[in-house]
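Chemist: File follows, input_19.pdb with PDB, C-alpha atoms and all ligand atoms:
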ATOM      1  CA  MET I   1     -52.427   5.033  -7.631
ATOM      2  CA  ALA I   2     -52.210   6.444  -4.114
ATOM      3  CA  PRO I   3     -55.380   8.325  -3.144
ATOM      4  CA  ASP I   4     -53.454  11.543  -2.464
ATOM      5  CA  THR I   5     -52.468  11.746  -6.096
ATOM      6  CA  VAL I   6     -55.931  11.242  -7.610
ATOM      7  CA  PRO I   7     -56.453  14.564  -9.377
ATOM      8  CA  PHE I   8     -59.853  14.354 -11.073
ATOM      9  CA  VAL I   9     -62.905  13.166  -9.220
ATOM     10  CA  ASN I  10     -64.865  13.251 -12.439
ATOM     11  CA  PRO I  11     -62.691  12.992 -15.537
ATOM     12  CA  PRO I  12     -63.944  14.914 -18.542
ATOM     13  CA  SER I  13     -65.807  12.950 -21.151
ATOM     14  CA  PRO I  14     -63.414  12.659 -24.135
ATOM     15  CA  SER I  15     -65.883  14.088 -26.655
ATOM     16  CA  ASN I  16     -65.917  17.521 -25.016
ATOM     17  CA  ALA I  17     -62.559  17.615 -23.255
ATOM     18  CA  ASP I  18     -61.106  19.958 -25.841
ATOM     19  CA  ASP I  19     -63.955  22.495 -25.869
ATOM     20  CA  PRO I  20     -62.015  25.755 -26.387
ATOM     21  CA  ARG I  21     -64.486  27.727 -24.278
ATOM     22  CA  ILE I  22     -63.550  25.784 -21.148
ATOM     23  CA  GLY I  23     -61.114  27.533 -18.818
ATOM     24  CA  SER I  24     -59.587  26.914 -15.418
ATOM     25  CA  PHE I  25     -61.265  28.523 -12.408
ATOM     26  CA  PRO I  26     -59.396  28.029  -9.126
ATOM     27  CA  ALA I  27     -62.147  28.325  -6.524
ATOM     28  CA  ASP I  28     -62.741  28.642  -2.815
ATOM     29  CA  LEU I  29     -66.452  28.221  -2.172
ATOM     30  CA  HIS I  30     -66.431  28.740   1.601
ATOM     31  CA  VAL I  31     -65.254  32.134   2.875
ATOM     32  CA  HIS I  32     -66.397  34.114   5.923
ATOM     33  CA  THR I  33     -66.417  37.883   6.426
ATOM     34  CA  VAL I  34     -66.556  40.116   9.502
ATOM     35  CA  LEU I  35     -70.274  39.318   9.681
ATOM     36  CA  SER I  36     -69.293  35.938  11.143
ATOM     37  CA  ALA I  37     -68.432  36.501  14.801
ATOM     38  CA  CYS I  38     -65.597  33.988  14.577
ATOM     39  CA  ALA I  39     -63.911  35.737  11.606
ATOM     40  CA  GLU I  40     -60.949  38.073  11.997
ATOM     41  CA  VAL I  41     -61.364  41.833  11.578
ATOM     42  CA  GLU I  42     -59.267  41.660   8.391
ATOM     43  CA  MET I  43     -62.069  39.758   6.592
ATOM     44  CA  ILE I  44     -63.493  42.785   4.796
ATOM     45  CA  PRO I  45     -64.366  42.787   1.077
ATOM     46  CA  PRO I  46     -61.347  44.634  -0.412
ATOM     47  CA  LEU I  47     -58.809  42.619   1.576
ATOM     48  CA  ILE I  48     -60.539  39.316   0.817
ATOM     49  CA  VAL I  49     -60.589  40.194  -2.895
ATOM     50  CA  SER I  50     -56.913  41.193  -3.014
ATOM     51  CA  GLN I  51     -55.822  38.128  -1.052
ATOM     52  CA  ALA I  52     -57.997  35.875  -3.217
ATOM     53  CA  LEU I  53     -56.387  37.250  -6.365
ATOM     54  CA  SER I  54     -52.904  36.947  -4.896
ATOM     55  CA  VAL I  55     -53.381  33.214  -4.205
ATOM     56  CA  GLY I  56     -54.700  32.701  -7.738
ATOM     57  CA  LEU I  57     -58.444  32.427  -7.130
ATOM     58  CA  ARG I  58     -60.877  33.306  -9.923
ATOM     59  CA  LEU I  59     -64.004  32.157  -8.104
ATOM     60  CA  LEU I  60     -65.051  32.607  -4.489
ATOM     61  CA  ALA I  61     -68.268  32.118  -2.522
ATOM     62  CA  VAL I  62     -69.008  34.254   0.500
ATOM     63  CA  THR I  63     -70.654  32.098   3.165
ATOM     64  CA  ASP I  64     -71.298  33.729   6.525
ATOM     65  CA  HIS I  65     -73.147  31.867   9.263
ATOM     66  CA  ASN I  66     -76.910  32.004   8.636
ATOM     67  CA  THR I  67     -76.726  35.317   6.787
ATOM     68  CA  GLY I  68     -75.918  36.743   3.379
ATOM     69  CA  GLU I  69     -75.855  40.397   4.318
ATOM     70  CA  ASN I  70     -72.252  41.004   3.251
ATOM     71  CA  ALA I  71     -72.645  39.164  -0.041
ATOM     72  CA  ALA I  72     -73.632  42.204  -2.137
ATOM     73  CA  ALA I  73     -70.617  44.114  -0.803
ATOM     74  CA  MET I  74     -68.337  41.241  -1.733
ATOM     75  CA  VAL I  75     -69.816  41.022  -5.235
ATOM     76  CA  GLU I  76     -69.307  44.762  -5.684
ATOM     77  CA  ALA I  77     -65.746  44.705  -4.303
ATOM     78  CA  ALA I  78     -64.790  42.002  -6.800
ATOM     79  CA  ARG I  79     -66.368  43.651  -9.849
ATOM     80  CA  ASN I  80     -63.894  43.991 -12.754
ATOM     81  CA  THR I  81     -61.055  42.438 -10.774
ATOM     82  CA  GLY I  82     -60.962  39.011 -12.429
ATOM     83  CA  LEU I  83     -62.490  37.393  -9.354
ATOM     84  CA  HIS I  84     -66.103  36.221  -9.515
ATOM     85  CA  VAL I  85     -68.035  36.107  -6.246
ATOM     86  CA  LEU I  86     -70.988  33.804  -5.675
ATOM     87  CA  PRO I  87     -73.375  35.051  -2.978
ATOM     88  CA  GLY I  88     -73.935  32.393  -0.343
ATOM     89  CA  MET I  89     -74.524  31.422   3.248
ATOM     90  CA  GLU I  90     -73.386  28.691   5.622
ATOM     91  CA  LEU I  91     -76.646  27.526   7.146
ATOM     92  CA  GLN I  92     -76.714  25.695  10.467
ATOM     93  CA  THR I  93     -79.668  23.323  10.289
ATOM     94  CA  ARG I  94     -81.879  22.018  13.072
ATOM     95  CA  GLU I  95     -79.570  18.960  13.264
ATOM     96  CA  GLU I  96     -76.526  21.276  13.675
ATOM     97  CA  VAL I  97     -75.293  20.338  10.215
ATOM     98  CA  HIS I  98     -73.487  23.097   8.323
ATOM     99  CA  LEU I  99     -74.724  23.468   4.758
ATOM    100  CA  LEU I 100     -73.256  25.802   2.145
ATOM    101  CA  CYS I 101     -76.094  27.477   0.226
ATOM    102  CA  LEU I 102     -74.665  29.012  -2.956
ATOM    103  CA  PHE I 103     -76.483  31.259  -5.422
ATOM    104  CA  ASP I 104     -75.698  32.999  -8.694
ATOM    105  CA  GLU I 105     -77.351  36.264  -7.664
ATOM    106  CA  VAL I 106     -77.933  38.226  -4.488
ATOM    107  CA  PHE I 107     -81.757  38.353  -4.716
ATOM    108  CA  PRO I 108     -82.467  34.620  -4.206
ATOM    109  CA  LEU I 109     -79.985  34.665  -1.334
ATOM    110  CA  GLU I 110     -81.936  37.543   0.198
ATOM    111  CA  ALA I 111     -85.143  35.519  -0.076
ATOM    112  CA  TRP I 112     -83.409  32.564   1.547
ATOM    113  CA  GLN I 113     -81.981  34.769   4.286
ATOM    114  CA  GLU I 114     -85.474  36.100   5.114
ATOM    115  CA  GLU I 115     -86.665  32.547   5.570
ATOM    116  CA  VAL I 116     -83.652  31.617   7.718
ATOM    117  CA  PHE I 117     -84.022  34.742   9.871
ATOM    118  CA  ARG I 118     -87.666  33.876  10.530
ATOM    119  CA  ARG I 119     -86.553  30.517  11.841
ATOM    120  CA  LEU I 120     -83.599  31.540  13.981
ATOM    121  CA  PRO I 121     -84.134  31.630  17.746
ATOM    122  CA  PRO I 122     -84.539  35.211  19.004
ATOM    123  CA  LEU I 123     -81.230  35.321  20.823
ATOM    124  CA  ALA I 124     -78.841  38.258  21.055
ATOM    125  CA  ASN I 125     -75.196  37.932  20.136
ATOM    126  CA  ARG I 126     -72.769  38.125  23.048
ATOM    127  CA  GLU I 127     -69.902  40.147  21.582
ATOM    128  CA  ASP I 128     -67.818  39.581  24.691
ATOM    129  CA  LEU I 129     -68.078  35.804  24.193
ATOM    130  CA  PHE I 130     -68.324  35.326  20.427
ATOM    131  CA  GLY I 131     -67.105  38.544  18.821
ATOM    132  CA  PRO I 132     -68.917  41.234  16.810
ATOM    133  CA  GLN I 133     -70.958  40.683  13.636
ATOM    134  CA  TRP I 134     -70.425  43.578  11.244
ATOM    135  CA  VAL I 135     -72.309  44.425   8.076
ATOM    136  CA  VAL I 136     -69.905  46.396   5.866
ATOM    137  CA  ASP I 137     -69.874  48.010   2.435
ATOM    138  CA  ALA I 138     -67.690  47.136  -0.546
ATOM    139  CA  THR I 139     -64.845  49.263   0.823
ATOM    140  CA  GLY I 140     -65.001  47.556   4.203
ATOM    141  CA  GLU I 141     -66.626  50.522   5.953
ATOM    142  CA  TRP I 142     -68.855  49.584   8.872
ATOM    143  CA  ILE I 143     -72.572  49.959   8.145
ATOM    144  CA  ARG I 144     -74.153  48.374  11.202
ATOM    145  CA  THR I 145     -73.695  45.658  13.789
ATOM    146  CA  GLU I 146     -75.938  42.603  13.535
ATOM    147  CA  GLU I 147     -77.298  42.106  17.041
ATOM    148  CA  ARG I 148     -78.965  38.740  16.675
ATOM    149  CA  LEU I 149     -76.987  35.600  17.393
ATOM    150  CA  LEU I 150     -76.159  34.089  13.998
ATOM    151  CA  ALA I 151     -73.992  31.074  14.849
ATOM    152  CA  VAL I 152     -76.906  28.977  16.080
ATOM    153  CA  SER I 153     -79.251  26.411  14.537
ATOM    154  CA  ALA I 154     -82.168  27.603  12.446
ATOM    155  CA  ASP I 155     -85.353  25.582  12.815
ATOM    156  CA  ILE I 156     -84.972  24.055   9.341
ATOM    157  CA  SER I 157     -84.088  20.427   8.703
ATOM    158  CA  LEU I 158     -81.244  19.565   6.357
ATOM    159  CA  GLU I 159     -83.654  17.915   3.949
ATOM    160  CA  GLU I 160     -86.007  20.904   3.844
ATOM    161  CA  ALA I 161     -83.073  23.294   3.417
ATOM    162  CA  VAL I 162     -81.753  21.370   0.427
ATOM    163  CA  VAL I 163     -85.176  21.369  -1.239
ATOM    164  CA  ARG I 164     -85.749  25.071  -0.642
ATOM    165  CA  VAL I 165     -82.276  26.146  -1.766
ATOM    166  CA  ARG I 166     -82.740  24.102  -4.946
ATOM    167  CA  ARG I 167     -86.138  25.729  -5.558
ATOM    168  CA  LEU I 168     -84.461  29.135  -5.353
ATOM    169  CA  GLY I 169     -81.966  28.023  -7.999
ATOM    170  CA  GLY I 170     -79.169  27.522  -5.475
ATOM    171  CA  LEU I 171     -76.572  24.815  -4.969
ATOM    172  CA  PRO I 172     -76.560  23.165  -1.514
ATOM    173  CA  VAL I 173     -73.282  21.545  -0.409
ATOM    174  CA  PRO I 174     -72.858  19.924   3.028
ATOM    175  CA  ALA I 175     -69.827  21.613   4.597
ATOM    176  CA  HIS I 176     -66.665  20.097   6.100
ATOM    177  CA  VAL I 177     -68.181  16.610   6.267
ATOM    178  CA  ASP I 178     -64.917  15.175   7.601
ATOM    179  CA  ARG I 179     -65.142  17.199  10.812
ATOM    180  CA  PRO I 180     -66.268  15.688  14.125
ATOM    181  CA  SER I 181     -68.930  18.336  14.738
ATOM    182  CA  PHE I 182     -71.408  20.480  12.783
ATOM    183  CA  SER I 183     -71.171  18.056   9.897
ATOM    184  CA  LEU I 184     -73.365  15.649   7.978
ATOM    185  CA  PHE I 185     -71.673  12.411   8.987
ATOM    186  CA  ALA I 186     -70.892  13.427  12.569
ATOM    187  CA  ASN I 187     -74.468  14.545  13.235
ATOM    188  CA  LEU I 188     -76.573  12.285  10.996
ATOM    189  CA  GLY I 189     -74.235   9.383  10.246
ATOM    190  CA  LEU I 190     -75.196   9.204   6.581
ATOM    191  CA  VAL I 191     -76.414  11.113   3.566
ATOM    192  CA  PRO I 192     -80.224  10.938   3.822
ATOM    193  CA  PRO I 193     -81.579   8.943   0.847
ATOM    194  CA  GLY I 194     -82.769  11.165  -1.959
ATOM    195  CA  LEU I 195     -80.992  14.291  -0.703
ATOM    196  CA  ALA I 196     -80.597  16.479  -3.818
ATOM    197  CA  ILE I 197     -76.903  17.266  -3.482
ATOM    198  CA  SER I 198     -74.150  16.908  -6.065
ATOM    199  CA  ALA I 199     -71.026  17.080  -3.914
ATOM    200  CA  LEU I 200     -69.695  17.200  -0.387
ATOM    201  CA  GLU I 201     -67.174  19.654   0.995
ATOM    202  CA  VAL I 202     -64.221  18.524   3.066
ATOM    203  CA  SER I 203     -62.030  20.733   5.211
ATOM    204  CA  ARG I 204     -58.679  22.045   4.032
ATOM    205  CA  ASN I 205     -56.738  19.481   6.060
ATOM    206  CA  PHE I 206     -58.538  16.466   4.596
ATOM    207  CA  ARG I 207     -56.220  13.793   3.257
ATOM    208  CA  PRO I 208     -57.889  11.120   1.137
ATOM    209  CA  ALA I 209     -55.567   8.308   2.269
ATOM    210  CA  GLU I 210     -56.672   8.678   5.897
ATOM    211  CA  GLY I 211     -60.080  10.242   5.320
ATOM    212  CA  PHE I 212     -61.390   7.432   3.124
ATOM    213  CA  ILE I 213     -60.452   4.865   5.759
ATOM    214  CA  ARG I 214     -62.263   6.795   8.476
ATOM    215  CA  ARG I 215     -65.319   7.545   6.323
ATOM    216  CA  PRO I 216     -65.542   5.104   3.390
ATOM    217  CA  GLN I 217     -68.804   6.781   2.238
ATOM    218  CA  LEU I 218     -66.735   9.729   1.033
ATOM    219  CA  ARG I 219     -65.472   7.645  -1.862
ATOM    220  CA  ASN I 220     -68.951   7.772  -3.375
ATOM    221  CA  TRP I 221     -69.078  11.552  -3.731
ATOM    222  CA  PRO I 222     -67.340  14.343  -5.614
ATOM    223  CA  LEU I 223     -65.360  16.117  -2.878
ATOM    224  CA  LEU I 224     -64.684  19.847  -2.892
ATOM    225  CA  ALA I 225     -61.931  21.273  -0.707
ATOM    226  CA  SER I 226     -62.353  24.805   0.620
ATOM    227  CA  GLY I 227     -60.489  27.096   2.959
ATOM    228  CA  ASP I 228     -63.452  27.828   5.308
ATOM    229  CA  ALA I 229     -61.432  31.004   5.697
ATOM    230  CA  HIS I 230     -61.937  33.046   8.857
ATOM    231  CA  ARG I 231     -58.695  34.928   8.211
ATOM    232  CA  LEU I 232     -56.970  35.925   4.998
ATOM    233  CA  GLU I 233     -54.227  33.335   5.137
ATOM    234  CA  ASP I 234     -56.849  30.547   5.121
ATOM    235  CA  LEU I 235     -57.977  31.311   1.561
ATOM    236  CA  ARG I 236     -57.178  28.353  -0.670
ATOM    237  CA  ALA I 237     -56.932  27.791  -4.422
ATOM    238  CA  VAL I 238     -56.796  24.008  -4.185
ATOM    239  CA  THR I 239     -60.058  23.238  -6.013
ATOM    240  CA  ARG I 240     -59.989  24.058  -9.725
ATOM    241  CA  PHE I 241     -63.028  23.892 -11.943
ATOM    242  CA  ARG I 242     -62.718  23.479 -15.688
ATOM    243  CA  ILE I 243     -65.828  25.278 -16.829
ATOM    244  CA  VAL I 244     -67.006  27.780 -19.421
ATOM    245  CA  SER I 245     -68.151  30.456 -16.973
ATOM    246  CA  PRO I 246     -68.263  30.821 -13.182
ATOM    247  CA  CYS I 247     -71.940  30.012 -12.595
ATOM    248  CA  LEU I 248     -73.731  27.297 -10.655
ATOM    249  CA  ARG I 249     -74.948  25.516 -13.773
ATOM    250  CA  GLU I 250     -71.363  25.085 -14.996
ATOM    251  CA  ILE I 251     -70.155  24.084 -11.514
ATOM    252  CA  GLU I 252     -72.878  21.463 -11.314
ATOM    253  CA  MET I 253     -71.864  20.126 -14.735
ATOM    254  CA  ALA I 254     -68.257  19.936 -13.523
ATOM    255  CA  LEU I 255     -69.325  18.039 -10.402
ATOM    256  CA  ARG I 256     -71.117  15.545 -12.644
ATOM    257  CA  GLY I 257     -68.308  15.442 -15.211
ATOM    258  CA  GLN I 258     -70.622  16.493 -18.027
ATOM    259  CA  GLU I 259     -69.682  17.818 -21.472
ATOM    260  CA  GLY I 260     -66.002  18.257 -20.729
ATOM    261  CA  ARG I 261     -66.521  20.143 -17.480
ATOM    262  CA  CYS I 262     -64.662  18.706 -14.507
ATOM    263  CA  PHE I 263     -62.768  19.684 -11.415
ATOM    264  CA  GLU I 264     -59.618  18.707  -9.597
ATOM    265  CA  VAL I 265     -58.339  19.142  -6.070
ATOM    266  CA  ASP I 266     -54.747  19.494  -4.868
ATOM    267  CA  TRP I 267     -54.894  17.526  -1.642
ATOM    268  CA  PRO I 268     -52.442  18.520   1.086
ATOM    269  CA  ALA I 269     -49.268  16.474   1.330
ATOM    270  CA  ARG I 270     -49.119  13.919   4.103
TER
HETATM  271 ZN    ZN O   1     -69.023  25.349   9.415
HETATM  272 ZN    ZN O   2     -67.544  28.068   7.646
END
Represent the structure contained in this file as structure tokens.
Ligand SMILES: [Zn+2]
Ligand SMILES: [Zn+2]
Modeler:
Amino acid sequence: MAPDTVPFVNPPSPSNADDPRIGSFPADLHVHTVLSACAEVEMIPPLIVSQALSVGLRLLAVTDHNTGENAAAMVEAARNTGLHVLPGMELQTREEVHLLCLFDEVFPLEAWQEEVFRRLPPLANREDLFGPQWVVDATGEWIRTEERLLAVSADISLEEAVVRVRRLGGLPVPAHVDRPSFSLFANLGLVPPGLAISALEVSRNFRPAEGFIRRPQLRNWPLLASGDAHRLEDLRAVTRFRIVSPCLREIEMALRGQEGRCFEVDWPAR
């Protein structure tokens, strides 16, 4: 079978494959809002929610650079729409590795954000160079401008970040590991032994046939594909979880292929 056509990274175990509670959750677990300086002005909660629904997403994680301050607004904007939002952050570690830090609730993310903020360098954002960083409400109304520079490394190692996110009940996922910068393999060369992760994320243009040749280590991991959306048209519904409910425990079971949970990815055509 050609790698591009491999649908299930972890096939469901036959005993639970027919569990009637299991449903399909198309997911994009890496989405930026206007709080990320590099995101477009259209990336406000109501527009992200409507675009997500229009491309068929049922599950989305909001992951701004080193902050979770728009997560509550995203959760609120999605309430009763059929889209479930996981609060999250895209941390930049001391080694300049990007790490998705996903949570089920806003409060552990807030605790994590406090820790990250304490360990960010005290630099001011340069709007003229990088763009503005806006905290908004669920309707997309401006609340305040974040003045500190967010797209910079926090003084936290990858290994410490993974441990601390796990302790807060979160799911850490190294982001876009196929990219030549700000990624696990580009910056560290390997997955540190004992790192408590369950999956790796690859960028939306990753093609297994070429990607596995360039980085054979990727064959050893469940791979999630996300949009890393900085504009609405980047939202992707290419990763589909088969889970009972859209929570981290179920996602983790799907990544491990446990009790009928699983996931599949539609890889881009060559
Ligand atoms: Zn990134
Ligand atoms: Zn990102």
Chemist: If the limit is 8 Å from any atom of ligand ZN 1 (chain O), counting all atoms listed in the file, which residues qualify? Return them as a VMD selection string.
Modeler: chain I and resid 65 90 92 98 to 99 175 to 176 182 to 183 228
Chemist: Kindly indicate which residue among I:Gln258, I:Thr63, I:Ser198, I:Asn80 lies nearest to ligand ZN 2 (chain O), using all atoms listed in the file for the distances.
Modeler: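 Between I:Gln258, I:Thr63, I:Ser198, I:Asn80, the residue approaching ligand ZN 2 (chain O) most closely is I:Thr63.
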Chemist: So what do you get for atom CA of I:Ala77 versus atom CA of I:Pro46, distance-wise?
Modeler: 5.9 Å
Chemist: Counting all atoms listed in the file, what residues are within 12 Å of ligand ZN 2 (chain O), given as number ranges by chain?
Modeler: I: 28-33, 35-39, 61-67, 88-92, 97-101, 151, 173-177, 179, 182-183, 201-204, 226-231, 234-235
Chemist: Would you compute the distance between atom CA of I:Arg148 and atom CA of I:Val75? Give it in Å to one decimal.
Modeler: 23.9 Å
Chemist: Atom CA of I:Phe103 to atom CA of I:Pro208: how many Å, to one decimal?
Modeler: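 It comes out at 28.2 Å.
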Chemist: Pick from I:Ala186, I:Ala199, I:Val162, I:Ala237: nearest to I:Ile251, with all atoms listed in the file counted?
Modeler: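 Smallest distance to I:Ile251 is found for I:Ala199.
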Chemist: Excluding I:Arg167 and residues on its chain fewer than 4 positions from it, collect all residues at most 12 Å away from it, counting all atoms listed in the file, and give them as a PyMOL selection string.
Modeler: chain I and resi 101+103+108-109+111-112+160-163+171-172+196
Chemist: Those residues you just picked out, can you put them in a file as a PDB file, keeping the file's coordinate frame with C-alpha atoms?
Modeler:
ATOM      1  CA  CYS I 101     -76.094  27.477   0.226  1.00  0.00           C
ATOM      2  CA  PHE I 103     -76.483  31.259  -5.422  1.00  0.00           C
ATOM      3  CA  PRO I 108     -82.467  34.620  -4.206  1.00  0.00           C
ATOM      4  CA  LEU I 109     -79.985  34.665  -1.334  1.00  0.00           C
ATOM      5  CA  ALA I 111     -85.143  35.519  -0.076  1.00  0.00           C
ATOM      6  CA  TRP I 112     -83.409  32.564   1.547  1.00  0.00           C
ATOM      7  CA  GLU I 160     -86.007  20.904   3.844  1.00  0.00           C
ATOM      8  CA  ALA I 161     -83.073  23.294   3.417  1.00  0.00           C
ATOM      9  CA  VAL I 162     -81.753  21.370   0.427  1.00  0.00           C
ATOM     10  CA  VAL I 163     -85.176  21.369  -1.239  1.00  0.00           C
ATOM     11  CA  LEU I 171     -76.572  24.815  -4.969  1.00  0.00           C
ATOM     12  CA  PRO I 172     -76.560  23.165  -1.514  1.00  0.00           C
ATOM     13  CA  ALA I 196     -80.597  16.479  -3.818  1.00  0.00           C
TER      14      ALA I 196
END
Chemist: Report as an MDAnalysis selection string the full result of the PyMOL selection byres (((chain I and resi 57) around 12) and not hetatm) when it is applied to this structure.
Modeler: chainID I and resid 24:29 48:56 58:61 78 81:85 226:227 235:241 246
Chemist: For I:Glu147, please output as a list in words all residues within 9 Å (counting only C-alpha atoms; exclusion window: fewer than 5 positions along the same chain).
Modeler: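 Returned residues: Leu123, Ala124, Asn125, Arg126, Glu127, Pro132 and Gln133 of chain I.
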Chemist: In terms of the shortest atom-to-atom distance over only C-alpha atoms, which of I:Glu96, I:Leu149, I:Phe117, I:Glu40 is closest to I:Ser181?
Modeler: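 Of I:Glu96, I:Leu149, I:Phe117, I:Glu40, the one nearest I:Ser181, counting only C-alpha atoms, is I:Glu96.
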Chemist: Between I:Leu224, I:Cys262, I:Leu150, I:Arg144, single out the one closest to I:Arg242, counting only C-alpha atoms.
Modeler: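 Of the candidates, the smallest distance to I:Arg242 is held by I:Cys262.
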Chemist: For each of I:Glu210, I:Glu115, I:Glu159, I:Glu76, take the minimum atom-to-atom distance to I:Thr139, counting all atoms listed in the file, then give the residue where this is smallest.
Modeler: I:Glu76
Chemist: Taking (-69.8, 19.1, -13.3) in the coordinates of the supplied file, I want to know which residues reach to within 12 Å of it, counting only C-alpha atoms; could you give the answer as a ChimeraX atom specification?
Modeler: /I:8-13,198-199,222-224,240-244,246-264
Chemist: Take the residues that were just selected and, keeping C-alpha atoms, output them as an mmCIF file, in the frame of the given file.
Modeler:
data_model
loop_
_atom_site.group_PDB
_atom_site.id
_atom_site.type_symbol
_atom_site.label_atom_id
_atom_site.label_comp_id
_atom_site.auth_asym_id
_atom_site.auth_seq_id
_atom_site.Cartn_x
_atom_site.Cartn_y
_atom_site.Cartn_z
ATOM 1 C CA PHE I 8 -59.853 14.354 -11.073
ATOM 2 C CA VAL I 9 -62.905 13.166 -9.220
ATOM 3 C CA ASN I 10 -64.865 13.251 -12.439
ATOM 4 C CA PRO I 11 -62.691 12.992 -15.537
ATOM 5 C CA PRO I 12 -63.944 14.914 -18.542
ATOM 6 C CA SER I 13 -65.807 12.950 -21.151
ATOM 7 C CA SER I 198 -74.150 16.908 -6.065
ATOM 8 C CA ALA I 199 -71.026 17.080 -3.914
ATOM 9 C CA PRO I 222 -67.340 14.343 -5.614
ATOM 10 C CA LEU I 223 -65.360 16.117 -2.878
ATOM 11 C CA LEU I 224 -64.684 19.847 -2.892
ATOM 12 C CA ARG I 240 -59.989 24.058 -9.725
ATOM 13 C CA PHE I 241 -63.028 23.892 -11.943
ATOM 14 C CA ARG I 242 -62.718 23.479 -15.688
ATOM 15 C CA ILE I 243 -65.828 25.278 -16.829
ATOM 16 C CA VAL I 244 -67.006 27.780 -19.421
ATOM 17 C CA PRO I 246 -68.263 30.821 -13.182
ATOM 18 C CA CYS I 247 -71.940 30.012 -12.595
ATOM 19 C CA LEU I 248 -73.731 27.297 -10.655
ATOM 20 C CA ARG I 249 -74.948 25.516 -13.773
ATOM 21 C CA GLU I 250 -71.363 25.085 -14.996
ATOM 22 C CA ILE I 251 -70.155 24.084 -11.514
ATOM 23 C CA GLU I 252 -72.878 21.463 -11.314
ATOM 24 C CA MET I 253 -71.864 20.126 -14.735
ATOM 25 C CA ALA I 254 -68.257 19.936 -13.523
ATOM 26 C CA LEU I 255 -69.325 18.039 -10.402
ATOM 27 C CA ARG I 256 -71.117 15.545 -12.644
ATOM 28 C CA GLY I 257 -68.308 15.442 -15.211
ATOM 29 C CA GLN I 258 -70.622 16.493 -18.027
ATOM 30 C CA GLU I 259 -69.682 17.818 -21.472
ATOM 31 C CA GLY I 260 -66.002 18.257 -20.729
ATOM 32 C CA ARG I 261 -66.521 20.143 -17.480
ATOM 33 C CA CYS I 262 -64.662 18.706 -14.507
ATOM 34 C CA PHE I 263 -62.768 19.684 -11.415
ATOM 35 C CA GLU I 264 -59.618 18.707 -9.597
#
